[in-house]
Amino acid sequence: HTVAEQVGEIYTREIKMASSFVKQQSFLTTCIGVAAFAAGYAVASLWQKAGRKKYRDSAGASVEGEDHSMFYDEDIVSLTSIPDRKKFLPSDFYGQMVRDCIICCVDCVVVRNNPFKKNTRECLLVERSDEPAKGLWWLPGGRIFKGETFFTAALRKTQEETGVEGRALQVLGVYNTFFPRSSWDTEIEKGTQTVNVVVFVELKEGSQVILDDTSERYRWLPLDGEIEDEDKYVYVQLQRLEAWNTTFGSQ
């Protein structure tokens, strides 16, 4: 071979080697990219699955604006009228009811926008002064009067116990609670059972908290903070509210 031919052969071999190296590197890069994508997808899938489970476990809130009232007569005014004798029951009679019957109640998740901290929503908690659940940080609420809807009862109890006004938006859930003590215990009979409808109430701007004698103190709990240490009943309601807002958007 001539010198030119030898140089040409060497150049051709170098080109082939370089081409082979590039192909190997390209294949390696592709493999790394595929592996990275697969790992990312797996992590994202696990995160989404965990998120879905979290919100599925906390799901159950009703459609906003629906308070589940069903009237079997067109005269709704008569069905929802509440004379004073239905509001204030004789003490002995009501005490016997508490000990022997299930009491239907409404509890209120009262939420406000913090007036001093932008984009911070807070829930109103009260420290109960009476049994049941004495000393616990709880939701304001109490007995539903015959003739009340869940929403009207929630607004009444919110105003009576905390002095604030609001707008009832949503039923978050219904719970069957069993207490070992009540304010109507006797030496022989103790405890009570209540069925509680939990209603989400949005605070009217400018409302000021004025507690009645059923609560010792109050505080505003930031919804974006740590809620795991709260009472289990309160925690479940806030989880339901978060699940609804995350899935469908808050008010």
# chains A, B, ... in the order shown; residues from 1 in each chain; ligands from 1

$ residues_around --residues "A:Trp137" --least-positions-apart "2" --cutoff "7 Å" --atoms "only C-alpha atoms" --output "NGL selection string"
:A and (125-128 or 135 or 231)

$ closest_atom_pairs --of "stretch 89-120 of chain A" --to "stretch 193-200 of chain A" --cutoff "8 Å" --atoms "only C-alpha atoms" --output "Markdown table"
| residue | atom | partner | partner_atom | distance |
| --- | --- | --- | --- | --- |
| A:Val98 | CA | A:Gln193 | CA | 7.6 |
| A:Cys101 | CA | A:Gln193 | CA | 7.5 |
| A:Ile102 | CA | A:Gln193 | CA | 5.3 |
| A:Ile103 | CA | A:Thr194 | CA | 4.7 |
| A:Cys104 | CA | A:Val195 | CA | 4.9 |
| A:Cys105 | CA | A:Asn196 | CA | 4.7 |
| A:Val106 | CA | A:Val197 | CA | 4.7 |
| A:Asp107 | CA | A:Val198 | CA | 4.8 |
| A:Cys108 | CA | A:Val199 | CA | 5.0 |
| A:Val109 | CA | A:Phe200 | CA | 4.8 |
| A:Val110 | CA | A:Phe200 | CA | 6.2 |
| A:Val111 | CA | A:Phe200 | CA | 7.6 |

$ residues_around --residues "A:Glu160" --least-positions-apart "2" --cutoff "10 Å" --atoms "only C-alpha atoms" --output "list of chain:residue names"
A:Pro140, A:Gly141, A:Gly142, A:Ala154, A:Leu155, A:Arg156, A:Lys157, A:Thr158, A:Thr162, A:Gly163, A:Val164, A:Glu165, A:Ile210, A:Leu211, A:Asp212, A:Thr214

$ closest_residue --among "A:Thr120, A:Ser129, A:Asn114, A:Ser69" --to "A:Gly225" --atoms "only C-alpha atoms"
A:Thr120

$ select_by_dssp --residues "stretch 31-222 of chain A" --states "strand (DSSP E or B)" --output "PyMOL selection string"
chain A and resi 102-113+121-128+137-138+141-143+166-179+192-203+215-222

$ select_by_dssp --residues "stretch 32-249 of chain A" --states "alpha helix (DSSP H)" --output "ChimeraX atom specification"
/A:32-58,76-79,84-87,91-100,150-162,232-248

$ residues_around --residues "A:Lys190" --least-positions-apart "6" --cutoff "12 Å" --atoms "only C-alpha atoms" --output "PDB file with all heavy atoms, in the first residue's frame"
ATOM      1  N   GLY A  95     -82.614  15.420  81.755  1.00  0.00           N
ATOM      2  CA  GLY A  95     -81.605  14.563  82.373  1.00  0.00           C
ATOM      3  C   GLY A  95     -81.885  13.100  82.112  1.00  0.00           C
ATOM      4  O   GLY A  95     -80.968  12.319  81.825  1.00  0.00           O
ATOM      5  N   GLN A  96     -83.152  12.716  82.195  1.00  0.00           N
ATOM      6  CA  GLN A  96     -83.518  11.333  81.903  1.00  0.00           C
ATOM      7  C   GLN A  96     -83.276  10.997  80.434  1.00  0.00           C
ATOM      8  O   GLN A  96     -82.831   9.894  80.101  1.00  0.00           O
ATOM      9  CB  GLN A  96     -84.993  11.100  82.255  1.00  0.00           C
ATOM     10  CG  GLN A  96     -85.381   9.634  82.351  1.00  0.00           C
ATOM     11  CD  GLN A  96     -84.727   8.945  83.531  1.00  0.00           C
ATOM     12  OE1 GLN A  96     -84.698   9.483  84.641  1.00  0.00           O
ATOM     13  NE2 GLN A  96     -84.164   7.758  83.302  1.00  0.00           N
ATOM     14  N   VAL A  98     -80.951  12.322  78.513  1.00  0.00           N
ATOM     15  CA  VAL A  98     -79.505  12.191  78.319  1.00  0.00           C
ATOM     16  C   VAL A  98     -79.020  10.819  78.776  1.00  0.00           C
ATOM     17  O   VAL A  98     -78.164  10.197  78.132  1.00  0.00           O
ATOM     18  CB  VAL A  98     -78.759  13.302  79.086  1.00  0.00           C
ATOM     19  CG1 VAL A  98     -77.259  13.042  79.105  1.00  0.00           C
ATOM     20  CG2 VAL A  98     -79.057  14.659  78.461  1.00  0.00           C
ATOM     21  N   ARG A  99     -79.567  10.329  79.868  1.00  0.00           N
ATOM     22  CA  ARG A  99     -79.117   9.045  80.409  1.00  0.00           C
ATOM     23  C   ARG A  99     -79.702   7.846  79.663  1.00  0.00           C
ATOM     24  O   ARG A  99     -79.058   6.794  79.565  1.00  0.00           O
ATOM     25  CB  ARG A  99     -79.471   8.960  81.900  1.00  0.00           C
ATOM     26  CG  ARG A  99     -78.711   9.948  82.775  1.00  0.00           C
ATOM     27  CD  ARG A  99     -78.962   9.698  84.248  1.00  0.00           C
ATOM     28  NE  ARG A  99     -80.349   9.946  84.637  1.00  0.00           N
ATOM     29  CZ  ARG A  99     -80.830  11.134  85.012  1.00  0.00           C
ATOM     30  NH1 ARG A  99     -79.994  12.185  85.062  1.00  0.00           N
ATOM     31  NH2 ARG A  99     -82.091  11.281  85.350  1.00  0.00           N
ATOM     32  N   ASP A 100     -80.919   7.994  79.119  1.00  0.00           N
ATOM     33  CA  ASP A 100     -81.616   6.841  78.551  1.00  0.00           C
ATOM     34  C   ASP A 100     -81.772   6.869  77.032  1.00  0.00           C
ATOM     35  O   ASP A 100     -82.124   5.847  76.435  1.00  0.00           O
ATOM     36  CB  ASP A 100     -83.029   6.733  79.153  1.00  0.00           C
ATOM     37  CG  ASP A 100     -82.992   6.413  80.641  1.00  0.00           C
ATOM     38  OD1 ASP A 100     -81.909   6.012  81.129  1.00  0.00           O
ATOM     39  OD2 ASP A 100     -84.026   6.551  81.308  1.00  0.00           O
ATOM     40  N   GLU A 131     -69.176  18.391  81.218  1.00  0.00           N
ATOM     41  CA  GLU A 131     -69.235  17.073  80.608  1.00  0.00           C
ATOM     42  C   GLU A 131     -70.399  17.037  79.610  1.00  0.00           C
ATOM     43  O   GLU A 131     -71.373  17.758  79.784  1.00  0.00           O
ATOM     44  CB  GLU A 131     -69.450  15.994  81.682  1.00  0.00           C
ATOM     45  CG  GLU A 131     -68.305  15.864  82.680  1.00  0.00           C
ATOM     46  CD  GLU A 131     -67.041  15.264  82.087  1.00  0.00           C
ATOM     47  OE1 GLU A 131     -67.031  14.962  80.875  1.00  0.00           O
ATOM     48  OE2 GLU A 131     -66.069  15.129  82.826  1.00  0.00           O
ATOM     49  N   PRO A 132     -70.288  16.205  78.574  1.00  0.00           N
ATOM     50  CA  PRO A 132     -69.167  15.312  78.277  1.00  0.00           C
ATOM     51  C   PRO A 132     -67.986  16.070  77.655  1.00  0.00           C
ATOM     52  O   PRO A 132     -68.140  17.194  77.204  1.00  0.00           O
ATOM     53  CB  PRO A 132     -69.781  14.335  77.264  1.00  0.00           C
ATOM     54  CG  PRO A 132     -70.840  15.133  76.571  1.00  0.00           C
ATOM     55  CD  PRO A 132     -71.411  16.054  77.614  1.00  0.00           C
ATOM     56  N   PHE A 178     -69.694   8.085  72.146  1.00  0.00           N
ATOM     57  CA  PHE A 178     -70.052   7.448  73.411  1.00  0.00           C
ATOM     58  C   PHE A 178     -69.178   8.048  74.518  1.00  0.00           C
ATOM     59  O   PHE A 178     -67.954   8.000  74.434  1.00  0.00           O
ATOM     60  CB  PHE A 178     -69.811   5.941  73.330  1.00  0.00           C
ATOM     61  CG  PHE A 178     -70.611   5.246  72.252  1.00  0.00           C
ATOM     62  CD1 PHE A 178     -70.215   5.316  70.921  1.00  0.00           C
ATOM     63  CD2 PHE A 178     -71.756   4.532  72.576  1.00  0.00           C
ATOM     64  CE1 PHE A 178     -70.940   4.677  69.933  1.00  0.00           C
ATOM     65  CE2 PHE A 178     -72.489   3.890  71.583  1.00  0.00           C
ATOM     66  CZ  PHE A 178     -72.081   3.963  70.256  1.00  0.00           C
ATOM     67  N   PHE A 179     -69.814   8.586  75.543  1.00  0.00           N
ATOM     68  CA  PHE A 179     -69.089   9.259  76.616  1.00  0.00           C
ATOM     69  C   PHE A 179     -69.355   8.557  77.953  1.00  0.00           C
ATOM     70  O   PHE A 179     -70.501   8.211  78.254  1.00  0.00           O
ATOM     71  CB  PHE A 179     -69.514  10.720  76.726  1.00  0.00           C
ATOM     72  CG  PHE A 179     -69.242  11.528  75.485  1.00  0.00           C
ATOM     73  CD1 PHE A 179     -70.249  11.773  74.564  1.00  0.00           C
ATOM     74  CD2 PHE A 179     -67.977  12.043  75.236  1.00  0.00           C
ATOM     75  CE1 PHE A 179     -70.008  12.523  73.424  1.00  0.00           C
ATOM     76  CE2 PHE A 179     -67.722  12.795  74.102  1.00  0.00           C
ATOM     77  CZ  PHE A 179     -68.737  13.032  73.192  1.00  0.00           C
ATOM     78  N   PRO A 180     -68.322   8.397  78.792  1.00  0.00           N
ATOM     79  CA  PRO A 180     -68.515   7.734  80.090  1.00  0.00           C
ATOM     80  C   PRO A 180     -69.149   8.640  81.142  1.00  0.00           C
ATOM     81  O   PRO A 180     -69.607   8.159  82.174  1.00  0.00           O
ATOM     82  CB  PRO A 180     -67.094   7.358  80.497  1.00  0.00           C
ATOM     83  CG  PRO A 180     -66.236   8.407  79.863  1.00  0.00           C
ATOM     84  CD  PRO A 180     -66.910   8.725  78.539  1.00  0.00           C
ATOM     85  N   ARG A 181     -69.168   9.944  80.876  1.00  0.00           N
ATOM     86  CA  ARG A 181     -69.732  10.895  81.836  1.00  0.00           C
ATOM     87  C   ARG A 181     -70.591  11.929  81.110  1.00  0.00           C
ATOM     88  O   ARG A 181     -70.365  12.221  79.931  1.00  0.00           O
ATOM     89  CB  ARG A 181     -68.621  11.611  82.607  1.00  0.00           C
ATOM     90  CG  ARG A 181     -67.832  10.705  83.538  1.00  0.00           C
ATOM     91  CD  ARG A 181     -66.675  11.440  84.179  1.00  0.00           C
ATOM     92  NE  ARG A 181     -65.694  11.840  83.164  1.00  0.00           N
ATOM     93  CZ  ARG A 181     -64.766  11.026  82.679  1.00  0.00           C
ATOM     94  NH1 ARG A 181     -64.689   9.773  83.087  1.00  0.00           N
ATOM     95  NH2 ARG A 181     -63.907  11.450  81.768  1.00  0.00           N
ATOM     96  N   SER A 182     -71.529  12.512  81.839  1.00  0.00           N
ATOM     97  CA  SER A 182     -72.328  13.626  81.324  1.00  0.00           C
ATOM     98  C   SER A 182     -72.603  14.586  82.470  1.00  0.00           C
ATOM     99  O   SER A 182     -72.298  14.292  83.629  1.00  0.00           O
ATOM    100  CB  SER A 182     -73.652  13.129  80.728  1.00  0.00           C
ATOM    101  OG  SER A 182     -74.604  12.866  81.748  1.00  0.00           O
ATOM    102  N   SER A 183     -73.195  15.709  82.145  1.00  0.00           N
ATOM    103  CA  SER A 183     -73.552  16.680  83.186  1.00  0.00           C
ATOM    104  C   SER A 183     -74.820  16.276  83.921  1.00  0.00           C
ATOM    105  O   SER A 183     -75.249  16.970  84.850  1.00  0.00           O
ATOM    106  CB  SER A 183     -73.751  18.063  82.552  1.00  0.00           C
ATOM    107  OG  SER A 183     -72.528  18.555  82.057  1.00  0.00           O
ATOM    108  N   TRP A 184     -75.420  15.154  83.518  1.00  0.00           N
ATOM    109  CA  TRP A 184     -76.687  14.713  84.088  1.00  0.00           C
ATOM    110  C   TRP A 184     -76.541  13.349  84.756  1.00  0.00           C
ATOM    111  O   TRP A 184     -77.527  12.635  84.956  1.00  0.00           O
ATOM    112  CB  TRP A 184     -77.755  14.668  82.998  1.00  0.00           C
ATOM    113  CG  TRP A 184     -77.913  15.977  82.310  1.00  0.00           C
ATOM    114  CD1 TRP A 184     -77.274  16.409  81.191  1.00  0.00           C
ATOM    115  CD2 TRP A 184     -78.750  17.051  82.727  1.00  0.00           C
ATOM    116  NE1 TRP A 184     -77.652  17.685  80.869  1.00  0.00           N
ATOM    117  CE2 TRP A 184     -78.574  18.115  81.798  1.00  0.00           C
ATOM    118  CE3 TRP A 184     -79.650  17.240  83.786  1.00  0.00           C
ATOM    119  CZ2 TRP A 184     -79.246  19.323  81.902  1.00  0.00           C
ATOM    120  CZ3 TRP A 184     -80.325  18.448  83.890  1.00  0.00           C
ATOM    121  CH2 TRP A 184     -80.118  19.473  82.957  1.00  0.00           C
TER     122      TRP A 184
END

$ atom_distance --atom1 "atom CA of A:Cys123" --atom2 "atom CA of A:Leu139"
9.0 Å

$ closest_residue --among "A:Gly173, A:Gly147, A:Gly166, A:Pro222" --to "A:Lys87" --atoms "only C-alpha atoms"
A:Gly147

$ closest_residue --among "A:Asp130, A:Glu202, A:Asp92, A:Glu230" --to "A:Thr186" --atoms "only C-alpha atoms"
A:Asp92

$ residues_around --residues "A:Ser81" --least-positions-apart "6" --cutoff "10 Å" --atoms "only C-alpha atoms" --output "PyMOL selection string"
chain A and resi 145-148

$ write_last_selection --atoms "C-alpha atoms" --output "PDB file, in the first residue's frame"
ATOM      1  CA  PHE A 145     -84.150  21.450  68.380  1.00  0.00           C
ATOM      2  CA  LYS A 146     -87.129  19.662  66.855  1.00  0.00           C
ATOM      3  CA  GLY A 147     -87.909  21.689  63.735  1.00  0.00           C
ATOM      4  CA  GLU A 148     -84.338  22.742  62.969  1.00  0.00           C
TER       5      GLU A 148
END

$ atom_distance --atom1 "atom CA of A:Leu238" --atom2 "atom CA of A:Leu223"
7.7 Å

$ atom_distance --atom1 "atom CA of A:Leu136" --atom2 "atom CA of A:Gly191"
16.3 Å
